[in-house]
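K.L.:
Pasting a structure below so you can have a look.
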Amino acid sequence: MHDIRVVREAPDSLREGMRRRGKWDSLGPLVERAVALEGERRAAIQATEEKKAARNATSQEVAKRKKAGEPTDDLLAKGRAIGEEIAQLEARQVAAQSELDEILVGLPNITLADVPEGDETANTVVRSWGTPRAANSVKPHWEVGAAAGMLDLERGAKISGSGFIVYRGVGARLQRALVSMMLDLHTKEHGYEEAWVPLFVNRESMTGTGQLPKFEEDMYALRDDALFAIPTAEVPVTNLLRDEILDGARLPMAMTAYSACFRREAGSAGKDTRGLLRVHQFDKVELVRWCAPEDSAAQHELLTGHAERVLKLLDLPYRVLLLAAGDTGFSSAKTYDLEVFAPGVGKWLEVSSCSNFTDFQARRANIRYRPASGEKPRFVHTLNGSGLALPRIVAGILEHHQQPDGSVKVPAALASYLGADRIAASAG
């Protein structure tokens with residue numbers, strides 16, 4: 001959510017932010033309406049104060065006349081009229097504030113200055129690691145997984161519908177192994193506190209991290225209970241500190257959590273429907289950080305490096321993309337996408353988005369900290385990223401580490417968790 005002072009004092013930065021995202025045609029009218037509403041709200045506040053001063057002066061004059069035994073009917077009538085005007089002005093103020101809040105909660109974050117302008121075609125590869133495998137004779141992961149008895153896509157669709165996956169045998173063990181490996185890495189080496197969080201959250205939590213109100217159609221909901229299935233552990237973990245004031249001496253703070261994630265993907269019908277590329281339920285290990293504003297740029301690089309470390313341990317060649325403003329998520333000010341090349345499908349697959357949200361989420365969720373200097377509380381900066389999402393990692397492993405005999409070599413860092421260094425084509 002945007003600071004109302006931006007609307008009042010620096011509306012051009014808001015205009016430029018929406019323009020850089022390529023959304024001025026759709027959001028420009030809302031920005032201009034917000035600027036007008038803030039003017040109306042401020043004018044109503046000033047007029048209300050003036051009217052209250054006039055009413056106080058009238059009340060004092062009434063008291064003087066009564067003490068002198070003089071008539072007061074005209075002043076009492078004047079006071080009542082002023083009271084009615086104050087009520088009207090206060091109603092105008094409330095209405096302007098309500099509409100302004102509705103607009104501000106629906107405007108995306110302003111991207112940072114080093115984020116390139118443009119749509120996804122302006123995304124920039126900032127670095128890469130490893131050598132992508134050539135696609136020669138590499139089978140797609142769904143064929144390898146089926147041959148190994150790992151994936152049961154047909155029965156997943158039978159019991160729940162398309163986009164729901166059943167992992168069996170070594171496939172189920174691989175899920176467990178990946179989660180354990182990632183959590184151990186992030187807690188033991190990277191210093192994150194592990195959390196185990198609810199899979200359903202209330203509307204306030206979804207609004208706090210920016211999923212609501214804009215993306216409600218993409219969420220699974222329990223309407224009778226006013227709860228939503230989480231699209232990522234980012235939501236419950238970030239909201240653990242909602243409406244709290246943190247001790248600045250404790251920053252930065254970091255948590256990691258494994259969870260199942262649920263997404264309807266309402267706007268992506270027909271895209272990447274085969275295998276594990278786009279599913280409605282998946283498993284993910286999430287990384288969340290809270291820090292002081294002056295530290296968030298460095299914390300963003302640190303968090304991204306933690307996600308990259310997983311890919312290196314899994315020996316999966318990857319690239320890091322800096323997303324352009326028009327391709328940056330609603331709540332994010334700057335995002336790096338980590339992509340793994342899957343030779344069997346011939347695509348770069350996003351396996352993590354690592355984002356700096358500046359104070360956008362913190363304002364929505366009211367997460368502040370008290371600086372050590374004793375200054376008044378300030379909003380923290382929040383950051384998060386996948387560390388990592390499992391389905392496309394599994395796809396990458398099955399395709400990149402695929403052997404000529406149809407088996408799959410298990411990366412050394414994962415083998416001890418899986419209890420095997422190879423997944424055989426005939427595994428059960």
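Naming scheme: A, B, ... for chains in displayed order of the structure tokens; residues 1 onward per chain; ligands 1 onward as shown.
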Got a sec: who's within 8 Å of Gly385 of chain A, counting only C-alpha atoms, leaving out chain neighbours fewer than 6 positions off, as a list in words?

P.N.:
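Counting only the stated atoms, we get Glu286, Leu287, Val288, Leu303, Thr304, Ala307, Ser352, Ser353, Cys354 and Ser355 of chain A.
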
K.L.:
Tell me which protein, DNA and RNA residues are within 7 Å of segment 172-177 of chain A, counting only C-alpha atoms, leaving out same-chain ones fewer than 6 positions away, and put them as a CSV table (one decimal) with N, CA and C atoms, in the first residue's frame.

P.N.:
```
chain,number,residue,atom,x,y,z
A,414,LEU,N,21.7,-34.3,-2.6
A,414,LEU,CA,20.3,-34.8,-2.4
A,414,LEU,C,20.3,-36.3,-2.1
A,417,TYR,N,19.7,-37.6,1.4
A,417,TYR,CA,18.3,-37.5,1.9
A,417,TYR,C,17.4,-38.5,1.2
A,418,LEU,N,17.6,-38.8,-0.1
A,418,LEU,CA,16.8,-39.7,-0.8
A,418,LEU,C,17.1,-41.2,-0.4
```

K.L.:
Pick out the residues sitting within 12 Å of Leu388 of chain A, and hand them over as a PyMOL selection string; count only C-alpha atoms, and ignore anything fewer than 4 positions along from it in its own chain.

P.N.:
chain A and resi 175+178-183+185-186+232-233+256-259+282-287+303-311+314+337-340+350-354+384+392-394

K.L.:
Since we have the selection now, will you write its residues out, keeping C-alpha atoms, as a CSV table (one decimal), in the first residue's frame?

P.N.:
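And here's out15.csv as it stands now:
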```csv
chain,number,residue,atom,x,y,z
A,175,GLN,CA,9.5,-34.6,-2.5
A,178,LEU,CA,14.0,-32.1,-1.4
A,179,VAL,CA,12.0,-30.4,1.4
A,180,SER,CA,14.3,-31.7,4.1
A,181,MET,CA,17.5,-30.8,2.2
A,182,MET,CA,16.3,-27.2,1.6
A,183,LEU,CA,15.1,-26.6,5.1
A,185,LEU,CA,20.3,-25.7,4.2
A,186,HIS,CA,18.4,-22.6,5.0
A,232,THR,CA,2.5,-19.5,-0.9
A,233,ALA,CA,3.9,-19.6,2.7
A,256,THR,CA,11.7,-20.3,6.2
A,257,ALA,CA,8.7,-22.6,5.9
A,258,TYR,CA,7.6,-25.5,3.9
A,259,SER,CA,4.0,-25.6,2.8
A,282,PHE,CA,2.4,-27.9,-5.2
A,283,ASP,CA,5.0,-27.9,-2.5
A,284,LYS,CA,7.5,-25.2,-1.8
A,285,VAL,CA,10.0,-24.0,0.7
A,286,GLU,CA,9.7,-20.2,1.3
A,287,LEU,CA,12.2,-17.6,2.5
A,303,LEU,CA,18.1,-13.9,-0.2
A,304,THR,CA,18.6,-14.4,-3.9
A,305,GLY,CA,22.0,-16.0,-3.2
A,306,HIS,CA,20.4,-18.4,-0.7
A,307,ALA,CA,17.9,-19.6,-3.4
A,308,GLU,CA,20.7,-19.9,-5.9
A,309,ARG,CA,22.7,-22.1,-3.5
A,310,VAL,CA,20.0,-24.7,-3.7
A,311,LEU,CA,20.3,-24.9,-7.5
A,314,LEU,CA,21.4,-29.8,-7.2
A,337,ASP,CA,13.5,-14.7,-11.3
A,338,LEU,CA,15.7,-17.9,-11.1
A,339,GLU,CA,15.2,-20.1,-14.2
A,340,VAL,CA,16.3,-23.7,-14.8
A,350,GLU,CA,11.0,-20.3,-13.4
A,351,VAL,CA,11.7,-22.0,-10.0
A,352,SER,CA,12.0,-19.0,-7.8
A,353,SER,CA,11.0,-15.3,-7.7
A,354,CYS,CA,13.0,-13.3,-5.2
A,384,ASN,CA,10.7,-13.1,0.1
A,392,ARG,CA,9.8,-27.5,-11.8
A,393,ILE,CA,12.8,-28.5,-9.8
A,394,VAL,CA,11.7,-32.2,-10.1
```

K.L.:
Once you count only C-alpha atoms, what closest atom pair and distance in Å to one decimal does each residue of segment 250-351 of chain A within 12 Å of segment 23-44 of chain A have, with rows by chain and rising residue number, as a tab-separated table?

P.N.:
```
residue	atom	partner	partner_atom	distance
A:Ala325	CA	A:Lys23	CA	10.0
A:Gly326	CA	A:Lys23	CA	7.9
A:Asp327	CA	A:Lys23	CA	11.0
A:Thr328	CA	A:Lys23	CA	11.9
A:Phe330	CA	A:Lys23	CA	11.5
```

K.L.:
Where does DSSP see strand (DSSP E) in segment 7-185 of chain A, if you list the residues as a PyMOL selection string?

P.N.:
chain A and resi 124-129

K.L.:
Produce a file of the selected residues containing N, CA and C atoms, as an mmCIF file, in the first residue's frame.

P.N.:
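out-v9.cif, freshly written:
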```cif
data_model
loop_
_atom_site.group_PDB
_atom_site.id
_atom_site.type_symbol
_atom_site.label_atom_id
_atom_site.label_comp_id
_atom_site.auth_asym_id
_atom_site.auth_seq_id
_atom_site.Cartn_x
_atom_site.Cartn_y
_atom_site.Cartn_z
ATOM 1 N N THR A 124 16.103 -8.762 -18.102
ATOM 2 C CA THR A 124 17.541 -8.803 -18.346
ATOM 3 C C THR A 124 18.194 -9.959 -17.605
ATOM 4 N N VAL A 125 19.004 -10.740 -18.317
ATOM 5 C CA VAL A 125 19.785 -11.789 -17.660
ATOM 6 C C VAL A 125 20.989 -11.127 -16.994
ATOM 7 N N VAL A 126 21.051 -11.193 -15.664
ATOM 8 C CA VAL A 126 22.142 -10.534 -14.941
ATOM 9 C C VAL A 126 23.305 -11.480 -14.658
ATOM 10 N N ARG A 127 23.042 -12.783 -14.618
ATOM 11 C CA ARG A 127 24.115 -13.760 -14.462
ATOM 12 C C ARG A 127 23.561 -15.157 -14.738
ATOM 13 N N SER A 128 24.456 -16.093 -14.951
ATOM 14 C CA SER A 128 24.062 -17.482 -15.175
ATOM 15 C C SER A 128 25.107 -18.387 -14.547
ATOM 16 N N TRP A 129 24.716 -19.630 -14.367
ATOM 17 C CA TRP A 129 25.628 -20.606 -13.754
ATOM 18 C C TRP A 129 25.410 -21.955 -14.414
#
```

K.L.:
If I take atom CA of Ala47 of chain A and atom CA of Arg80 of chain A, how far is one from the other in Å, to one decimal?

P.N.:
16.4 Å

K.L.:
For segment 59-131 of chain A versus segment 204-216 of chain A, which residues have an atom no more than 9 Å away, and what is each residue's nearest atom pair and distance in Å rounded to one decimal, using only C-alpha atoms, chain-then-number order, as CSV?

P.N.:
```
residue,atom,partner,partner_atom,distance
A:Val105,CA,A:Pro213,CA,7.8
A:Gly106,CA,A:Lys214,CA,6.4
A:Pro108,CA,A:Gly210,CA,8.8
```

K.L.:
So which residues touch segment 55-71 of chain A within 12 Å, counting only C-alpha atoms, skipping near sequence neighbours fewer than 2 positions away, as a ChimeraX atom specification?

P.N.:
/A:48-53,73-86

K.L.:
Keeping C-alpha atoms, export the residues of the selection given above as a compact mmCIF listing (two decimals), in the first residue's frame.

P.N.:
```
# COMPACT_ATOMS: atom_id res chain seq x y z
CA THR A 48 -14.30 21.12 9.52
CA GLU A 49 -11.71 22.64 11.83
CA GLU A 50 -12.81 26.14 10.83
CA LYS A 51 -16.45 25.29 11.46
CA LYS A 52 -15.61 23.75 14.84
CA ALA A 53 -13.76 26.93 15.79
CA ASP A 73 -32.15 32.01 20.30
CA ASP A 74 -30.35 33.38 17.24
CA LEU A 75 -26.98 32.05 18.42
CA LEU A 76 -28.42 28.63 19.29
CA ALA A 77 -29.92 28.41 15.81
CA LYS A 78 -26.58 29.45 14.33
CA GLY A 79 -24.81 26.78 16.40
CA ARG A 80 -27.21 24.09 15.20
CA ALA A 81 -26.66 25.15 11.60
CA ILE A 82 -22.90 24.99 12.05
CA GLY A 83 -23.27 21.53 13.62
CA GLU A 84 -25.14 20.32 10.56
CA GLU A 85 -22.43 21.71 8.30
CA ILE A 86 -19.76 19.95 10.38
```

K.L.:
Need to verify the contact set: segment 365-382 of chain A, 10 Å, only C-alpha atoms, exclusion of same-chain residues closer than 5 positions in sequence. Can you return it as a count of residues only?

P.N.:
44

K.L.:
Quick one: contact table of segment 357-401 of chain A to segment 419-423 of chain A, 12 Å max, nearest atom pair and distance in Å to one decimal per residue, counting only C-alpha atoms, chain and number order, as a tab-separated table?

P.N.:
```
residue	atom	partner	partner_atom	distance
A:Ile397	CA	A:Ile423	CA	10.5
A:Leu398	CA	A:Ile423	CA	9.0
A:His401	CA	A:Arg422	CA	9.6
```

K.L.:
Give me the residues near Gly145 of chain A as a PDB file with N, CA and C atoms, in the first residue's frame, where near means some atom within 9 Å (using only C-alpha atoms) and where sequence neighbours in that chain fewer than 5 positions away do not count.

P.N.:
```pdb
ATOM      1  N   PRO A 140      10.959 -35.761 -22.053  1.00  0.00           N
ATOM      2  CA  PRO A 140      10.306 -34.854 -21.113  1.00  0.00           C
ATOM      3  C   PRO A 140      10.099 -35.533 -19.764  1.00  0.00           C
ATOM      4  N   MET A 150       7.102 -42.719 -10.650  1.00  0.00           N
ATOM      5  CA  MET A 150       7.152 -41.563  -9.754  1.00  0.00           C
ATOM      6  C   MET A 150       5.905 -40.697  -9.822  1.00  0.00           C
ATOM      7  N   LEU A 151       5.395 -40.535 -11.039  1.00  0.00           N
ATOM      8  CA  LEU A 151       4.291 -39.614 -11.278  1.00  0.00           C
ATOM      9  C   LEU A 151       3.063 -40.377 -11.733  1.00  0.00           C
ATOM     10  N   ASP A 152       1.930 -40.058 -11.142  1.00  0.00           N
ATOM     11  CA  ASP A 152       0.664 -40.670 -11.554  1.00  0.00           C
ATOM     12  C   ASP A 152      -0.295 -39.526 -11.901  1.00  0.00           C
ATOM     13  N   GLY A 171       8.992 -41.077  -6.192  1.00  0.00           N
ATOM     14  CA  GLY A 171       8.542 -39.702  -6.414  1.00  0.00           C
ATOM     15  C   GLY A 171       8.129 -39.029  -5.120  1.00  0.00           C
ATOM     16  N   ALA A 395      11.134 -31.491 -12.376  1.00  0.00           N
ATOM     17  CA  ALA A 395      11.232 -31.557 -13.839  1.00  0.00           C
ATOM     18  C   ALA A 395      12.669 -31.350 -14.291  1.00  0.00           C
ATOM     19  N   LEU A 398      14.818 -34.503 -13.443  1.00  0.00           N
ATOM     20  CA  LEU A 398      14.517 -35.648 -14.310  1.00  0.00           C
ATOM     21  C   LEU A 398      15.029 -35.442 -15.729  1.00  0.00           C
ATOM     22  N   ALA A 425      14.756 -46.444 -14.109  1.00  0.00           N
ATOM     23  CA  ALA A 425      13.553 -46.349 -14.947  1.00  0.00           C
ATOM     24  C   ALA A 425      12.497 -47.331 -14.513  1.00  0.00           C
TER      25      ALA A 425
END
```

K.L.:
What's the separation between atom CA of Gly169 of chain A and atom CA of Leu349 of chain A, in Å to one decimal place?

P.N.:
25.0 Å

K.L.:
How far is it from atom CA of Ala157 of chain A to atom CA of Arg263 of chain A, in Å with one decimal?

P.N.:
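Straight-line distance from atom CA of Ala157 of chain A to atom CA of Arg263 of chain A works out to 15.7 Å.
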
K.L.:
I need the residue nearest Tyr192 of chain A from this list: A:Leu323, A:Leu153, A:Val345, A:Met255. Use only C-alpha atoms for the distance.

P.N.:
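Residue with the minimum atom-to-atom distance to Tyr192 of chain A: A:Met255.
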
K.L.:
Can you list every residue in segment 299-374 of chain A that DSSP puts in helix (DSSP H, G or I), as a list in words?

P.N.:
Gln299, His300, Glu301, Leu302, Leu303, Thr304, Gly305, His306, Ala307, Glu308, Arg309, Val310, Leu311, Lys312, Leu313, Ala325, Gly326, Asp327, Phe360, Gln361, Ala362, Arg363, Arg364 and Ala365 of chain A

K.L.:
Calculated over only C-alpha atoms, which of the candidates A:Ala146, A:Val279, A:Val94, A:Ala87 has the smallest distance to Ala424 of chain A?

P.N.:
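Under the stated criterion, the closest residue is A:Ala146.
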